[in-house]
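See below for final.txt, which holds compact mmCIF, N, CA and C atoms and all ligand atoms.
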# COMPACT_ATOMS: atom_id res chain seq x y z
N MET U 142 135.96 27.55 141.14
CA MET U 142 137.14 26.71 140.95
C MET U 142 137.46 26.55 139.47
N LYS U 143 138.70 26.76 139.13
CA LYS U 143 139.10 26.63 137.72
C LYS U 143 139.58 25.21 137.45
N LYS U 144 139.12 24.71 136.36
CA LYS U 144 139.57 23.39 135.96
C LYS U 144 140.14 23.51 134.56
N ALA U 145 140.91 22.52 134.18
CA ALA U 145 141.27 22.42 132.77
C ALA U 145 139.98 22.30 131.99
N LYS U 146 139.97 22.74 130.78
CA LYS U 146 138.70 22.82 130.07
C LYS U 146 138.45 21.67 129.11
N PRO U 147 137.91 20.60 129.63
CA PRO U 147 137.51 19.51 128.72
C PRO U 147 136.24 19.91 127.98
N MET U 148 135.68 21.04 128.37
CA MET U 148 134.41 21.48 127.80
C MET U 148 134.52 21.72 126.29
N ASP U 149 135.68 22.23 125.88
CA ASP U 149 135.87 22.50 124.45
C ASP U 149 135.72 21.22 123.64
N ALA U 150 136.33 20.16 124.14
CA ALA U 150 136.24 18.89 123.44
C ALA U 150 134.79 18.41 123.39
N VAL U 151 134.10 18.61 124.49
CA VAL U 151 132.70 18.19 124.55
C VAL U 151 131.89 18.97 123.52
N LEU U 152 132.16 20.26 123.44
CA LEU U 152 131.42 21.10 122.49
C LEU U 152 131.69 20.67 121.06
N ILE U 153 132.95 20.42 120.78
CA ILE U 153 133.30 20.00 119.42
C ILE U 153 132.58 18.70 119.08
N LEU U 154 132.62 17.77 120.03
CA LEU U 154 131.93 16.50 119.83
C LEU U 154 130.45 16.73 119.60
N LEU U 155 129.91 17.65 120.38
CA LEU U 155 128.48 17.95 120.26
C LEU U 155 128.15 18.48 118.86
N PHE U 156 128.99 19.40 118.39
CA PHE U 156 128.75 19.97 117.07
C PHE U 156 128.85 18.91 115.98
N VAL U 157 129.81 18.02 116.16
CA VAL U 157 129.96 16.94 115.18
C VAL U 157 128.71 16.08 115.18
N LEU U 158 128.25 15.71 116.36
CA LEU U 158 127.07 14.87 116.45
C LEU U 158 125.86 15.58 115.85
N VAL U 159 125.72 16.85 116.20
CA VAL U 159 124.57 17.61 115.72
C VAL U 159 124.60 17.71 114.20
N SER U 160 125.80 17.91 113.65
CA SER U 160 125.89 18.06 112.20
C SER U 160 125.61 16.75 111.48
N LEU U 161 125.78 15.64 112.17
CA LEU U 161 125.51 14.35 111.55
C LEU U 161 124.02 14.03 111.50
N VAL U 162 123.28 14.61 112.43
CA VAL U 162 121.87 14.25 112.55
C VAL U 162 121.08 14.49 111.26
N PRO U 163 121.21 15.66 110.64
CA PRO U 163 120.41 15.88 109.43
C PRO U 163 120.82 14.94 108.30
N LEU U 164 122.05 14.48 108.29
CA LEU U 164 122.52 13.60 107.24
C LEU U 164 121.84 12.24 107.31
N THR U 165 121.72 11.74 108.48
CA THR U 165 121.12 10.41 108.61
C THR U 165 119.64 10.45 108.30
N GLY U 166 118.95 11.48 108.81
CA GLY U 166 117.53 11.57 108.55
C GLY U 166 116.73 10.46 109.18
N LEU U 167 117.41 9.60 109.88
CA LEU U 167 116.74 8.44 110.46
C LEU U 167 116.41 8.66 111.93
N LEU U 168 117.18 9.53 112.53
CA LEU U 168 117.02 9.69 113.97
C LEU U 168 115.82 10.57 114.29
N PRO U 169 114.97 10.12 115.14
CA PRO U 169 113.78 10.89 115.51
C PRO U 169 114.10 11.95 116.55
N ARG U 170 114.84 12.99 116.13
CA ARG U 170 115.14 14.09 117.02
C ARG U 170 115.57 13.65 118.40
N PRO U 171 116.79 13.26 118.56
CA PRO U 171 117.25 12.87 119.88
C PRO U 171 117.13 14.04 120.85
N ALA U 172 116.57 13.80 121.99
CA ALA U 172 116.34 14.88 122.95
C ALA U 172 117.61 15.14 123.75
N GLN U 173 118.62 15.64 123.09
CA GLN U 173 119.90 15.82 123.77
C GLN U 173 120.32 17.27 123.84
N SER U 174 119.73 18.08 122.99
CA SER U 174 120.23 19.43 122.86
C SER U 174 119.51 20.35 123.85
N ALA U 175 120.03 20.39 125.06
CA ALA U 175 119.42 21.25 126.06
C ALA U 175 119.74 22.70 125.77
N GLN U 176 118.76 23.55 125.89
CA GLN U 176 118.97 24.96 125.56
C GLN U 176 118.55 25.89 126.69
N ILE U 177 117.74 25.39 127.57
CA ILE U 177 117.17 26.25 128.60
C ILE U 177 117.19 25.50 129.93
N VAL U 178 117.46 26.23 130.98
CA VAL U 178 117.30 25.70 132.33
C VAL U 178 115.98 26.23 132.88
N ARG U 179 115.12 25.30 133.26
CA ARG U 179 113.83 25.73 133.83
C ARG U 179 113.83 25.38 135.32
N VAL U 180 113.68 26.39 136.12
CA VAL U 180 113.70 26.20 137.56
C VAL U 180 112.30 26.40 138.10
N THR U 181 111.76 25.36 138.73
CA THR U 181 110.41 25.44 139.27
C THR U 181 110.46 25.39 140.79
N THR U 182 109.89 26.40 141.41
CA THR U 182 109.78 26.45 142.86
C THR U 182 108.32 26.74 143.19
N PRO U 183 107.96 26.68 144.46
CA PRO U 183 106.57 27.02 144.80
C PRO U 183 106.21 28.45 144.39
N GLU U 184 107.18 29.29 144.20
CA GLU U 184 106.93 30.67 143.83
C GLU U 184 106.66 30.84 142.34
N GLY U 185 107.03 29.86 141.57
CA GLY U 185 106.81 29.99 140.14
C GLY U 185 107.92 29.33 139.36
N THR U 186 107.90 29.58 138.07
CA THR U 186 108.86 28.96 137.17
C THR U 186 109.68 30.04 136.48
N GLU U 187 110.98 29.83 136.47
CA GLU U 187 111.87 30.76 135.78
C GLU U 187 112.68 29.99 134.76
N GLU U 188 113.00 30.64 133.66
CA GLU U 188 113.84 30.00 132.66
C GLU U 188 115.11 30.81 132.45
N TYR U 189 116.20 30.09 132.27
CA TYR U 189 117.49 30.73 132.13
C TYR U 189 118.22 30.14 130.93
N ALA U 190 119.04 30.98 130.32
CA ALA U 190 119.86 30.50 129.21
C ALA U 190 120.98 29.63 129.74
N LEU U 191 121.44 28.73 128.89
CA LEU U 191 122.56 27.87 129.26
C LEU U 191 123.86 28.59 128.96
N ASP U 192 124.24 29.48 129.86
CA ASP U 192 125.57 30.05 129.75
C ASP U 192 126.12 30.18 131.17
N ASP U 193 127.37 30.57 131.26
CA ASP U 193 128.04 30.51 132.56
C ASP U 193 127.48 31.52 133.54
N HIS U 194 126.75 31.04 134.50
CA HIS U 194 126.34 31.89 135.60
C HIS U 194 125.84 31.02 136.74
N THR U 195 125.64 31.65 137.87
CA THR U 195 125.08 30.91 139.00
C THR U 195 123.72 31.49 139.34
N ILE U 196 122.90 30.64 139.90
CA ILE U 196 121.56 31.05 140.30
C ILE U 196 121.42 30.74 141.79
N ALA U 197 121.07 31.73 142.56
CA ALA U 197 120.82 31.51 143.98
C ALA U 197 119.32 31.40 144.20
N LEU U 198 118.94 30.34 144.87
CA LEU U 198 117.52 30.10 145.09
C LEU U 198 117.21 30.07 146.58
N ASP U 199 116.15 30.74 146.96
CA ASP U 199 115.60 30.56 148.30
C ASP U 199 114.24 29.92 148.12
N SER U 200 114.07 28.75 148.68
CA SER U 200 112.81 28.07 148.48
C SER U 200 112.49 27.22 149.70
N HIS U 201 111.32 27.45 150.23
CA HIS U 201 110.83 26.61 151.33
C HIS U 201 111.80 26.58 152.49
N GLY U 202 112.48 27.70 152.71
CA GLY U 202 113.39 27.78 153.84
C GLY U 202 114.79 27.26 153.58
N TYR U 203 115.03 26.82 152.36
CA TYR U 203 116.36 26.32 152.02
C TYR U 203 117.00 27.22 150.97
N HIS U 204 118.31 27.09 150.89
CA HIS U 204 119.08 27.92 149.96
C HIS U 204 119.88 27.02 149.05
N LEU U 205 119.67 27.16 147.79
CA LEU U 205 120.40 26.35 146.82
C LEU U 205 121.19 27.26 145.89
N THR U 206 122.32 26.76 145.46
CA THR U 206 123.08 27.46 144.43
C THR U 206 123.20 26.53 143.23
N LEU U 207 122.79 27.05 142.08
CA LEU U 207 122.91 26.30 140.84
C LEU U 207 124.04 26.90 140.03
N ALA U 208 124.88 26.04 139.48
CA ALA U 208 125.90 26.50 138.57
C ALA U 208 125.49 26.09 137.16
N VAL U 209 125.29 27.10 136.34
CA VAL U 209 124.88 26.85 134.96
C VAL U 209 126.09 27.07 134.06
N SER U 210 126.25 26.18 133.10
CA SER U 210 127.29 26.37 132.10
C SER U 210 126.70 25.99 130.75
N ALA U 211 127.51 26.12 129.72
CA ALA U 211 127.00 25.90 128.37
C ALA U 211 126.50 24.48 128.16
N ASP U 212 127.01 23.56 128.95
CA ASP U 212 126.66 22.16 128.71
C ASP U 212 125.76 21.56 129.79
N GLY U 213 125.31 22.35 130.73
CA GLY U 213 124.42 21.76 131.71
C GLY U 213 124.30 22.59 132.97
N VAL U 214 123.75 21.96 133.98
CA VAL U 214 123.52 22.65 135.24
C VAL U 214 123.67 21.66 136.38
N GLN U 215 124.15 22.17 137.51
CA GLN U 215 124.21 21.32 138.69
C GLN U 215 123.96 22.15 139.93
N VAL U 216 123.58 21.47 141.00
CA VAL U 216 123.44 22.12 142.29
C VAL U 216 124.80 22.06 142.98
N THR U 217 125.39 23.22 143.24
CA THR U 217 126.73 23.22 143.83
C THR U 217 126.67 23.37 145.34
N SER U 218 125.61 23.95 145.86
CA SER U 218 125.47 23.96 147.30
C SER U 218 124.01 23.99 147.67
N SER U 219 123.72 23.39 148.81
CA SER U 219 122.36 23.36 149.29
C SER U 219 122.39 23.03 150.77
N ASP U 220 121.51 23.65 151.53
CA ASP U 220 121.45 23.31 152.95
C ASP U 220 120.25 22.41 153.26
N CYS U 221 119.77 21.75 152.23
CA CYS U 221 118.71 20.78 152.47
C CYS U 221 119.29 19.58 153.21
N PRO U 222 118.46 18.83 153.92
CA PRO U 222 118.98 17.74 154.75
C PRO U 222 119.59 16.57 153.99
N ASP U 223 119.06 16.24 152.85
CA ASP U 223 119.52 14.99 152.22
C ASP U 223 120.57 15.18 151.12
N HIS U 224 120.65 16.39 150.56
CA HIS U 224 121.62 16.69 149.51
C HIS U 224 121.48 15.79 148.27
N THR U 225 120.34 15.23 148.11
CA THR U 225 120.11 14.42 146.91
C THR U 225 120.31 15.26 145.65
N CYS U 226 119.91 16.51 145.74
CA CYS U 226 120.05 17.40 144.58
C CYS U 226 121.51 17.57 144.20
N MET U 227 122.39 17.70 145.21
CA MET U 227 123.81 17.85 144.92
C MET U 227 124.40 16.55 144.39
N LYS U 228 123.92 15.43 144.96
CA LYS U 228 124.46 14.13 144.53
C LYS U 228 124.07 13.80 143.10
N THR U 229 123.01 14.43 142.63
CA THR U 229 122.60 14.19 141.24
C THR U 229 123.71 14.60 140.29
N GLY U 230 124.50 15.57 140.69
CA GLY U 230 125.59 16.02 139.82
C GLY U 230 125.08 16.89 138.68
N LYS U 231 125.87 16.98 137.67
CA LYS U 231 125.52 17.84 136.55
C LYS U 231 124.61 17.11 135.57
N ILE U 232 123.56 17.75 135.18
CA ILE U 232 122.72 17.20 134.12
C ILE U 232 123.01 17.97 132.84
N THR U 233 123.03 17.24 131.75
CA THR U 233 123.49 17.85 130.50
C THR U 233 122.53 17.62 129.34
N ARG U 234 121.50 16.84 129.54
CA ARG U 234 120.63 16.52 128.41
C ARG U 234 119.21 17.03 128.65
N ALA U 235 118.60 17.49 127.59
CA ALA U 235 117.21 17.89 127.67
C ALA U 235 116.39 16.72 128.16
N GLY U 236 115.50 17.00 129.06
CA GLY U 236 114.67 15.94 129.63
C GLY U 236 115.18 15.47 130.98
N ASN U 237 116.45 15.77 131.26
CA ASN U 237 116.97 15.43 132.59
C ASN U 237 116.52 16.48 133.60
N ALA U 238 116.50 16.07 134.85
CA ALA U 238 116.06 16.98 135.89
C ALA U 238 116.80 16.72 137.19
N ILE U 239 116.91 17.78 137.98
CA ILE U 239 117.39 17.67 139.36
C ILE U 239 116.21 18.07 140.25
N VAL U 240 115.97 17.26 141.25
CA VAL U 240 114.87 17.57 142.15
C VAL U 240 115.42 17.69 143.57
N CYS U 241 115.03 18.75 144.25
CA CYS U 241 115.31 18.87 145.67
C CYS U 241 113.97 18.84 146.39
N VAL U 242 113.67 17.70 146.96
CA VAL U 242 112.36 17.53 147.58
C VAL U 242 112.17 18.45 148.80
N PRO U 243 113.17 18.50 149.70
CA PRO U 243 112.96 19.35 150.87
C PRO U 243 112.70 20.82 150.52
N ALA U 244 113.37 21.30 149.49
CA ALA U 244 113.23 22.70 149.11
C ALA U 244 112.12 22.93 148.10
N HIS U 245 111.49 21.85 147.65
CA HIS U 245 110.43 21.96 146.66
C HIS U 245 110.92 22.61 145.38
N VAL U 246 112.13 22.22 144.99
CA VAL U 246 112.73 22.79 143.78
C VAL U 246 112.90 21.70 142.74
N ARG U 247 112.59 22.07 141.52
CA ARG U 247 112.84 21.17 140.40
C ARG U 247 113.58 21.94 139.33
N VAL U 248 114.66 21.35 138.83
CA VAL U 248 115.46 21.99 137.79
C VAL U 248 115.42 21.09 136.57
N ASP U 249 114.91 21.60 135.49
CA ASP U 249 114.80 20.82 134.26
C ASP U 249 115.68 21.41 133.18
N LEU U 250 116.25 20.55 132.36
CA LEU U 250 116.88 21.00 131.13
C LEU U 250 115.87 20.81 130.01
N VAL U 251 115.68 21.85 129.26
CA VAL U 251 114.67 21.83 128.21
C VAL U 251 115.35 22.05 126.87
N GLY U 252 114.98 21.26 125.90
CA GLY U 252 115.57 21.38 124.58
C GLY U 252 114.91 22.49 123.78
N GLY U 253 115.61 22.94 122.76
CA GLY U 253 115.04 23.94 121.88
C GLY U 253 114.20 23.30 120.80
N GLU U 254 113.60 24.13 119.99
CA GLU U 254 112.78 23.63 118.89
C GLU U 254 113.63 23.07 117.77
N GLY U 255 114.84 23.57 117.68
CA GLY U 255 115.73 23.09 116.62
C GLY U 255 117.15 23.32 117.05
N TYR U 256 118.06 23.08 116.16
CA TYR U 256 119.47 23.24 116.53
C TYR U 256 120.01 24.60 116.14
N ASP U 257 119.25 25.37 115.43
CA ASP U 257 119.75 26.63 114.91
C ASP U 257 120.16 27.59 116.03
N GLY U 258 119.44 27.50 117.13
CA GLY U 258 119.68 28.41 118.24
C GLY U 258 121.09 28.31 118.80
N ILE U 259 121.75 27.19 118.58
CA ILE U 259 123.07 26.99 119.14
C ILE U 259 124.06 28.01 118.56
N ALA U 260 123.88 28.31 117.28
CA ALA U 260 124.85 29.14 116.59
C ALA U 260 124.91 30.56 117.15
N GLY U 261 123.77 31.02 117.71
CA GLY U 261 123.73 32.40 118.19
C GLY U 261 124.62 32.52 119.36
ZN ZN E 1 118.35 19.17 148.04

Show the structure stored in the file as structure tokens.
Ligand SMILES: [Zn+2]
Amino acid sequence: MKKAKPMDAVLILLFVLVSLVPLTGLLPRPAQSAQIVRVTTPEGTEEYALDDHTIALDSHGYHLTLAVSADGVQVTSSDCPDHTCMKTGKITRAGNAIVCVPAHVRVDLVGGEGYDGIAG
């Protein structure tokens, strides 16, 4: 589904915030800059870059679809019984997670070591 792109504004805001951090020197590395999506299932752990793509997961008899974008990740479809994972919505910050208990899936956003990686 195509939407108008408020993402650009979010990115600009993000860059502004990030550029302010070194100036203050007071902030103890806010854990906001998510760089990696880590998907943990009973089969193992996979890591994905934060760019536009979808991930199809089969886990514990359930099927989940994750939509990854530059600013976060969300579960867009799942045939698990409770849909808690879908109701979580999009997570955008490092340290946030989506958990699907029935499917034994955990999706974490993980921050990078620094902000330099964003530029690439
Ligand atoms: Zn679920």

- List every protein, DNA or RNA residue that has at least one atom no more than 8 Å from (126.6, 23.7, 142.4) in the file's coordinates, counting all atoms listed in the file, and write the result as a list in words. Leu205, Thr206, Leu207, Ala208, Val209, Val214, Gln215, Val216, Thr217, Ser218, Ser219, Met227 and Gly230 of chain U

Mind writing the picked residues with N, CA and C atoms as a PDB file, in the coordinates of the input?
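The result, written out as result_2.pdb:
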ATOM      1  N   LEU U 205     119.670  27.160 147.790  1.00  0.00           N
ATOM      2  CA  LEU U 205     120.400  26.350 146.820  1.00  0.00           C
ATOM      3  C   LEU U 205     121.190  27.260 145.890  1.00  0.00           C
ATOM      4  N   THR U 206     122.320  26.760 145.460  1.00  0.00           N
ATOM      5  CA  THR U 206     123.080  27.460 144.430  1.00  0.00           C
ATOM      6  C   THR U 206     123.200  26.530 143.230  1.00  0.00           C
ATOM      7  N   LEU U 207     122.790  27.050 142.080  1.00  0.00           N
ATOM      8  CA  LEU U 207     122.910  26.300 140.840  1.00  0.00           C
ATOM      9  C   LEU U 207     124.040  26.900 140.030  1.00  0.00           C
ATOM     10  N   ALA U 208     124.880  26.040 139.480  1.00  0.00           N
ATOM     11  CA  ALA U 208     125.900  26.500 138.570  1.00  0.00           C
ATOM     12  C   ALA U 208     125.490  26.090 137.160  1.00  0.00           C
ATOM     13  N   VAL U 209     125.290  27.100 136.340  1.00  0.00           N
ATOM     14  CA  VAL U 209     124.880  26.850 134.960  1.00  0.00           C
ATOM     15  C   VAL U 209     126.090  27.070 134.060  1.00  0.00           C
ATOM     16  N   VAL U 214     123.750  21.960 133.980  1.00  0.00           N
ATOM     17  CA  VAL U 214     123.520  22.650 135.240  1.00  0.00           C
ATOM     18  C   VAL U 214     123.670  21.660 136.380  1.00  0.00           C
ATOM     19  N   GLN U 215     124.150  22.170 137.510  1.00  0.00           N
ATOM     20  CA  GLN U 215     124.210  21.320 138.690  1.00  0.00           C
ATOM     21  C   GLN U 215     123.960  22.150 139.930  1.00  0.00           C
ATOM     22  N   VAL U 216     123.580  21.470 141.000  1.00  0.00           N
ATOM     23  CA  VAL U 216     123.440  22.120 142.290  1.00  0.00           C
ATOM     24  C   VAL U 216     124.800  22.060 142.980  1.00  0.00           C
ATOM     25  N   THR U 217     125.390  23.220 143.240  1.00  0.00           N
ATOM     26  CA  THR U 217     126.730  23.220 143.830  1.00  0.00           C
ATOM     27  C   THR U 217     126.670  23.370 145.340  1.00  0.00           C
ATOM     28  N   SER U 218     125.610  23.950 145.860  1.00  0.00           N
ATOM     29  CA  SER U 218     125.470  23.960 147.300  1.00  0.00           C
ATOM     30  C   SER U 218     124.010  23.990 147.670  1.00  0.00           C
ATOM     31  N   SER U 219     123.720  23.390 148.810  1.00  0.00           N
ATOM     32  CA  SER U 219     122.360  23.360 149.290  1.00  0.00           C
ATOM     33  C   SER U 219     122.390  23.030 150.770  1.00  0.00           C
ATOM     34  N   MET U 227     122.390  17.700 145.210  1.00  0.00           N
ATOM     35  CA  MET U 227     123.810  17.850 144.920  1.00  0.00           C
ATOM     36  C   MET U 227     124.400  16.550 144.390  1.00  0.00           C
ATOM     37  N   GLY U 230     124.500  15.570 140.690  1.00  0.00           N
ATOM     38  CA  GLY U 230     125.590  16.020 139.820  1.00  0.00           C
ATOM     39  C   GLY U 230     125.080  16.890 138.680  1.00  0.00           C
TER      40      GLY U 230
END

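Remark: for U:Ile177, the closest of the candidate residues U:Thr229, U:Ser210, U:Ser200, U:Thr195 is U:Ser210 (distances computed over only C-alpha atoms).
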
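Across the model, the gap from atom N of U:Ser174 to atom C of U:His245 is 24.5 Å.
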
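Distance-wise, atom CA of U:Gly213 and atom CA of U:Thr233 end up 4.2 Å apart.
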
Return as JSON the box centre and box size in Å, one decimal, for an axis-aligned box around all listed atoms of stretch 186-200 of chain U padded by 4 Å per side.
{"center_x": 118.0, "center_y": 29.6, "center_z": 139.3, "size_x": 28.1, "size_y": 12.7, "size_z": 28.8}

- Message: Could you list, as number ranges by chain, every residue within 5 Å of U:Val246, counting only N, CA and C atoms and ignoring same-chain residues fewer than 6 positions away?
- Response: U: 181-182, 240

Can you spit out the residues from that selection as a CSV table (one decimal), in the frame of the given file, using N, CA and C atoms?
chain,number,residue,atom,x,y,z
U,181,THR,N,111.8,25.4,138.7
U,181,THR,CA,110.4,25.4,139.3
U,181,THR,C,110.5,25.4,140.8
U,182,THR,N,109.9,26.4,141.4
U,182,THR,CA,109.8,26.4,142.9
U,182,THR,C,108.3,26.7,143.2
U,240,VAL,N,116.0,17.3,141.2
U,240,VAL,CA,114.9,17.6,142.2
U,240,VAL,C,115.4,17.7,143.6

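Between atom CA of U:Ile239 and atom C of U:Val157 there is a distance of 26.7 Å.
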
Could you list the protein, DNA and RNA residues that have any atom within 7 Å of ligand ZN 1 (chain E), counting all atoms listed in the file, and write them as an mmCIF file with N, CA and C atoms, keeping the file's coordinate frame?
data_model
loop_
_atom_site.group_PDB
_atom_site.id
_atom_site.type_symbol
_atom_site.label_atom_id
_atom_site.label_comp_id
_atom_site.auth_asym_id
_atom_site.auth_seq_id
_atom_site.Cartn_x
_atom_site.Cartn_y
_atom_site.Cartn_z
ATOM 1 N N SER U 219 123.720 23.390 148.810
ATOM 2 C CA SER U 219 122.360 23.360 149.290
ATOM 3 C C SER U 219 122.390 23.030 150.770
ATOM 4 N N ASP U 220 121.510 23.650 151.530
ATOM 5 C CA ASP U 220 121.450 23.310 152.950
ATOM 6 C C ASP U 220 120.250 22.410 153.260
ATOM 7 N N CYS U 221 119.770 21.750 152.230
ATOM 8 C CA CYS U 221 118.710 20.780 152.470
ATOM 9 C C CYS U 221 119.290 19.580 153.210
ATOM 10 N N PRO U 222 118.460 18.830 153.920
ATOM 11 C CA PRO U 222 118.980 17.740 154.750
ATOM 12 C C PRO U 222 119.590 16.570 153.990
ATOM 13 N N ASP U 223 119.060 16.240 152.850
ATOM 14 C CA ASP U 223 119.520 14.990 152.220
ATOM 15 C C ASP U 223 120.570 15.180 151.120
ATOM 16 N N HIS U 224 120.650 16.390 150.560
ATOM 17 C CA HIS U 224 121.620 16.690 149.510
ATOM 18 C C HIS U 224 121.480 15.790 148.270
ATOM 19 N N THR U 225 120.340 15.230 148.110
ATOM 20 C CA THR U 225 120.110 14.420 146.910
ATOM 21 C C THR U 225 120.310 15.260 145.650
ATOM 22 N N CYS U 226 119.910 16.510 145.740
ATOM 23 C CA CYS U 226 120.050 17.400 144.580
ATOM 24 C C CYS U 226 121.510 17.570 144.200
ATOM 25 N N MET U 227 122.390 17.700 145.210
ATOM 26 C CA MET U 227 123.810 17.850 144.920
ATOM 27 C C MET U 227 124.400 16.550 144.390
ATOM 28 N N VAL U 240 115.970 17.260 141.250
ATOM 29 C CA VAL U 240 114.870 17.570 142.150
ATOM 30 C C VAL U 240 115.420 17.690 143.570
ATOM 31 N N CYS U 241 115.030 18.750 144.250
ATOM 32 C CA CYS U 241 115.310 18.870 145.670
ATOM 33 C C CYS U 241 113.970 18.840 146.390
ATOM 34 N N VAL U 242 113.670 17.700 146.960
ATOM 35 C CA VAL U 242 112.360 17.530 147.580
ATOM 36 C C VAL U 242 112.170 18.450 148.800
ATOM 37 N N PRO U 243 113.170 18.500 149.700
ATOM 38 C CA PRO U 243 112.960 19.350 150.870
ATOM 39 C C PRO U 243 112.700 20.820 150.520
ATOM 40 N N ALA U 244 113.370 21.300 149.490
ATOM 41 C CA ALA U 244 113.230 22.700 149.110
ATOM 42 C C ALA U 244 112.120 22.930 148.100
#

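Of the residues listed (U:Val248, U:Leu161, U:Val180, U:Met148), U:Met148 shows the shortest atom-to-atom separation from U:Asp212; distances use all atoms listed in the file.
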
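For the choices U:Asp192, U:Tyr203, U:Ala197, U:Ala211, the atom-to-atom distance to U:Asp149 is smallest for U:Ala211 when using only C-alpha atoms.
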
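If only C-alpha atoms are the atoms counted, then among U:Arg247, U:Lys228, U:Lys146, U:His201 the closest residue to U:Val178 is U:Arg247.
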